[in-house]
Amino acid sequence: MIRFFKNRIARGASQSQALALGTLELELMEILWDGGEGSVRDVVPRLSRPLAYTTVMTTLDRLFKKGLLDRRKSDRAFLYSPSFSRQEWERRRAGNLVAGFLAGPNPSRELLLSCLLDAVGEHDVTLLDDLERKIRTRRRELLRQGQP
Amino acid sequence: MILPYLVRLLCLCFASFFVLNALAALLVRVASKRAIRFAESRTPAAAARLLLALRLLPFALAILFVAGLCVPSYLWLEPGATSEEVGLLCVSLGVLGAVVWLTAIGRAAHSLFASFRHNRLCRLAGQETHVPGESSSVVLVENEAPLLALSGVFSPRLLISRSVLRSLSSDEFDAALRHERAHRTSRDNAKRLLILLTPDILPFVRLHPLLESNWAKFTEWAADDHATAGDAGRAVSLAAALVHVARMGSGPRLPSLSTSLLACDRDLSARVNRLLHAVPYRRVIPRPAVRLLRATGFLLAAGLGAVLLAPYALSSVHELLEILLH
């Protein structure tokens, strides 16, 4: 029971810290996102480099404590599965990044907003230029075919 | 809780409506993705009709059941002028039913009021005039923000900002006007009001945003098709008008009961590409799937009619209502 509450508290503690993943953690998450639920034994052979069983077990346990994995007991082993999809994780990560900037001092907040606006504006202008080019081409085609 | 005769009837009506509307809405929600995929294979006008019908179906079924079966069975078979104990579940469902109705009516009334106020403000700030290519008068607004919209439900007005009038060529302007006239002909703003008037599954829980956004997309496409009428030159002019208006920046915020030339910026690229590679406007011959759909609809309607007319229907419904009541 104590361990359960400790885990719960640890899971809710620092969301932003939890979303920052190391290389092995990210690789394990990728394996579980692609393959779904799996035990340590299932995951080890799918790693890109040979690693000790205990290393993988510790890392999966750490991911569970960070709130990125769920687990359930099956026979004598834990089966781990991602708590949320890859898209959801990326969305949360981006949200945390933006929230970090917005919580910062004024200059960094304005910098972020102006970067975002510039990116959106450039995208819009490019898209409109592209559409206008297509319209001109189509007009020329119609003129060639003898239509006004 | 002991309730008098008529209050009991009201409670039953709202409770039955709430349960049926919720069940039918959930079924429609499950089928909506498949329906959208099917709609994509149809012409935009047919697709818009199909999605609107699907959006209104839960409401229509629930109303039909309540008005066609619940009320008559209660009035004929329930002994009059009696007070009876009503279960807490029935009262709760009745209250929920009343709340979803009030929410929907409030939402529709608010949108209508906002639309009236917006049109009045535009008329006060601008001037009513005639523009070439449009038989009825339009409201010309002295504004640099791009505005070309049809606003209002009962007597929709065409609102145009001077900047749009100045920057579009005559061909582009004519195509844009045709687009807005198509919205007026198909009464799209009235359909929007109808959607707002249909109660949600729970107050403020929107269950069909996907269906609604796709319906809005297909109404725009249908208006594009109607405006171009298969004329490739006119289609190019409309596409150019869309891009010109998009270049002028974001338009003013419009009330929900209005349709704008650029209703959804995200759809711009798809709309322009459609217009530039338009297939000739033609009448689509119903395919087997459509025939099957129509036959199913007809059979369902016939079955429902037969049930409504059957002598045992009302007594069965009355028994069901008694179960719900207690």
# chains A, B, ... in the order shown; residues from 1 in each chain; ligands from 1
call {"tool": "residues_around", "arguments": {"residues": "B:Ile195", "least_positions_apart": "6", "cutoff": "9 Å", "atoms": "only C-alpha atoms", "output": "list in words"}}
result
Leu52, Arg55, Leu56, Ala108 and Glu212 of chain B
call {"tool": "closest_atom_pairs", "arguments": {"of": "chain B", "to": "chain A", "cutoff": "8 Å", "atoms": "only C-alpha atoms", "output": "CSV"}}
result
residue,atom,partner,partner_atom,distance
B:Ala232,CA,A:Leu142,CA,7.8
B:Gly233,CA,A:Pro148,CA,6.2
B:Val236,CA,A:Ile135,CA,6.5
B:Ala239,CA,A:Ile135,CA,7.2
B:Ala240,CA,A:Ile135,CA,6.7
B:Val243,CA,A:Leu128,CA,6.5
B:Ala246,CA,A:Leu128,CA,7.8
B:Arg247,CA,A:Leu128,CA,7.2
B:Ser269,CA,A:Leu131,CA,7.2
B:Val272,CA,A:Leu131,CA,7.2
B:Leu276,CA,A:Arg138,CA,6.7
call {"tool": "write_last_selection", "arguments": {"atoms": "C-alpha atoms", "output": "tab-separated table (two decimals), in the first residue's frame"}}
result
chain	number	residue	atom	x	y	z
B	232	ALA	CA	-14.11	25.91	-65.85
B	233	GLY	CA	-13.52	29.65	-66.30
B	236	VAL	CA	-10.85	29.51	-61.82
B	239	ALA	CA	-10.51	30.00	-56.85
B	240	ALA	CA	-8.74	33.31	-57.52
B	243	VAL	CA	-6.96	33.24	-52.67
B	246	ALA	CA	-7.26	34.87	-47.99
B	247	ARG	CA	-4.33	37.15	-48.78
B	269	SER	CA	-6.16	24.48	-50.34
B	272	VAL	CA	-8.93	25.70	-54.65
B	276	LEU	CA	-9.04	23.98	-60.56
call {"tool": "atom_distance", "arguments": {"atom1": "atom CA of B:Ser258", "atom2": "atom CA of B:Ala149"}}
result
6.8 Å
call {"tool": "residues_around", "arguments": {"residues": "stretch 35-41 of chain A", "least_positions_apart": "2", "cutoff": "7 Å", "atoms": "only C-alpha atoms", "output": "PyMOL selection string"}}
result
chain A and resi 31-33+43-44+56-57+77-81
call {"tool": "write_last_selection", "arguments": {"atoms": "C-alpha atoms", "output": "PDB file, in the first residue's frame"}}
result
ATOM      1  CA  ILE A  31       9.323  -0.795 -28.719  1.00  0.00           C
ATOM      2  CA  LEU A  32       6.199  -0.729 -26.557  1.00  0.00           C
ATOM      3  CA  TRP A  33       4.426   1.816 -28.805  1.00  0.00           C
ATOM      4  CA  VAL A  43      11.537  -6.381 -24.823  1.00  0.00           C
ATOM      5  CA  VAL A  44      15.175  -7.427 -24.352  1.00  0.00           C
ATOM      6  CA  VAL A  56      16.000  -3.205 -18.835  1.00  0.00           C
ATOM      7  CA  MET A  57      13.895  -4.148 -15.821  1.00  0.00           C
ATOM      8  CA  ALA A  77       6.272 -11.118 -14.372  1.00  0.00           C
ATOM      9  CA  PHE A  78       5.032  -7.605 -15.005  1.00  0.00           C
ATOM     10  CA  LEU A  79       3.531  -6.775 -18.399  1.00  0.00           C
ATOM     11  CA  TYR A  80       4.223  -3.152 -19.363  1.00  0.00           C
ATOM     12  CA  SER A  81       2.167  -1.032 -21.763  1.00  0.00           C
TER      13      SER A  81
END
call {"tool": "residues_around", "arguments": {"residues": "stretch 40-51 of chain B", "least_positions_apart": "4", "cutoff": "8 Å", "atoms": "only C-alpha atoms", "output": "MDAnalysis selection string"}}
result
chainID B and resid 35:36 55 211:212 214:216 218:219 221:222 284
call {"tool": "write_last_selection", "arguments": {"atoms": "N, CA and C atoms", "output": "PDB file, in the first residue's frame"}}
result
ATOM      1  N   ALA B  35     -20.081   6.931 -42.179  1.00  0.00           N
ATOM      2  CA  ALA B  35     -21.002   7.746 -42.986  1.00  0.00           C
ATOM      3  C   ALA B  35     -20.231   8.841 -43.723  1.00  0.00           C
ATOM      4  N   ILE B  36     -19.223   9.408 -43.058  1.00  0.00           N
ATOM      5  CA  ILE B  36     -18.436  10.467 -43.704  1.00  0.00           C
ATOM      6  C   ILE B  36     -17.656   9.885 -44.884  1.00  0.00           C
ATOM      7  N   ARG B  55     -27.200  13.929 -38.703  1.00  0.00           N
ATOM      8  CA  ARG B  55     -27.049  14.790 -37.512  1.00  0.00           C
ATOM      9  C   ARG B  55     -28.402  15.014 -36.826  1.00  0.00           C
ATOM     10  N   LEU B 211     -19.121  15.298 -37.487  1.00  0.00           N
ATOM     11  CA  LEU B 211     -20.223  15.303 -38.449  1.00  0.00           C
ATOM     12  C   LEU B 211     -20.534  16.745 -38.876  1.00  0.00           C
ATOM     13  N   GLU B 212     -20.528  17.646 -37.892  1.00  0.00           N
ATOM     14  CA  GLU B 212     -20.872  19.041 -38.192  1.00  0.00           C
ATOM     15  C   GLU B 212     -19.801  19.713 -39.044  1.00  0.00           C
ATOM     16  N   ASN B 214     -17.721  18.289 -41.069  1.00  0.00           N
ATOM     17  CA  ASN B 214     -17.767  17.740 -42.427  1.00  0.00           C
ATOM     18  C   ASN B 214     -18.980  18.241 -43.192  1.00  0.00           C
ATOM     19  N   TRP B 215     -20.096  18.394 -42.480  1.00  0.00           N
ATOM     20  CA  TRP B 215     -21.282  18.959 -43.140  1.00  0.00           C
ATOM     21  C   TRP B 215     -20.948  20.376 -43.638  1.00  0.00           C
ATOM     22  N   ALA B 216     -20.303  21.167 -42.771  1.00  0.00           N
ATOM     23  CA  ALA B 216     -19.952  22.548 -43.151  1.00  0.00           C
ATOM     24  C   ALA B 216     -19.033  22.536 -44.377  1.00  0.00           C
ATOM     25  N   PHE B 218     -18.828  20.225 -46.734  1.00  0.00           N
ATOM     26  CA  PHE B 218     -19.570  19.834 -47.945  1.00  0.00           C
ATOM     27  C   PHE B 218     -20.539  20.930 -48.399  1.00  0.00           C
ATOM     28  N   THR B 219     -21.081  21.717 -47.459  1.00  0.00           N
ATOM     29  CA  THR B 219     -21.964  22.815 -47.898  1.00  0.00           C
ATOM     30  C   THR B 219     -21.147  23.851 -48.686  1.00  0.00           C
ATOM     31  N   TRP B 221     -18.420  23.217 -50.431  1.00  0.00           N
ATOM     32  CA  TRP B 221     -18.105  22.601 -51.725  1.00  0.00           C
ATOM     33  C   TRP B 221     -19.333  22.616 -52.631  1.00  0.00           C
ATOM     34  N   ALA B 222     -20.499  22.336 -52.026  1.00  0.00           N
ATOM     35  CA  ALA B 222     -21.735  22.324 -52.817  1.00  0.00           C
ATOM     36  C   ALA B 222     -22.017  23.724 -53.360  1.00  0.00           C
ATOM     37  N   VAL B 284     -25.664  12.628 -60.833  1.00  0.00           N
ATOM     38  CA  VAL B 284     -25.100  11.317 -60.524  1.00  0.00           C
ATOM     39  C   VAL B 284     -26.218  10.282 -60.471  1.00  0.00           C
TER      40      VAL B 284
END
call {"tool": "closest_residue", "arguments": {"among": "B:Leu61, B:Cys13, B:Val100, B:Ala39", "to": "B:Ala301", "atoms": "only C-alpha atoms"}}
result
B:Leu61
call {"tool": "atom_distance", "arguments": {"atom1": "atom CA of B:Ser161", "atom2": "atom CA of B:Val139"}}
result
8.3 Å
call {"tool": "atom_distance", "arguments": {"atom1": "atom CA of B:Ala176", "atom2": "atom CA of B:Leu210"}}
result
26.7 Å
call {"tool": "closest_residue", "arguments": {"among": "B:Glu319, B:Asp171, B:Glu84, B:Glu128", "to": "B:Thr228", "atoms": "only C-alpha atoms"}}
result
B:Asp171
call {"tool": "residues_around", "arguments": {"residues": "B:Arg234", "least_positions_apart": "4", "cutoff": "9 Å", "atoms": "only C-alpha atoms", "output": "NGL selection string"}}
result
:B and (171-172 or 174-175 or 227-230 or 238-239)
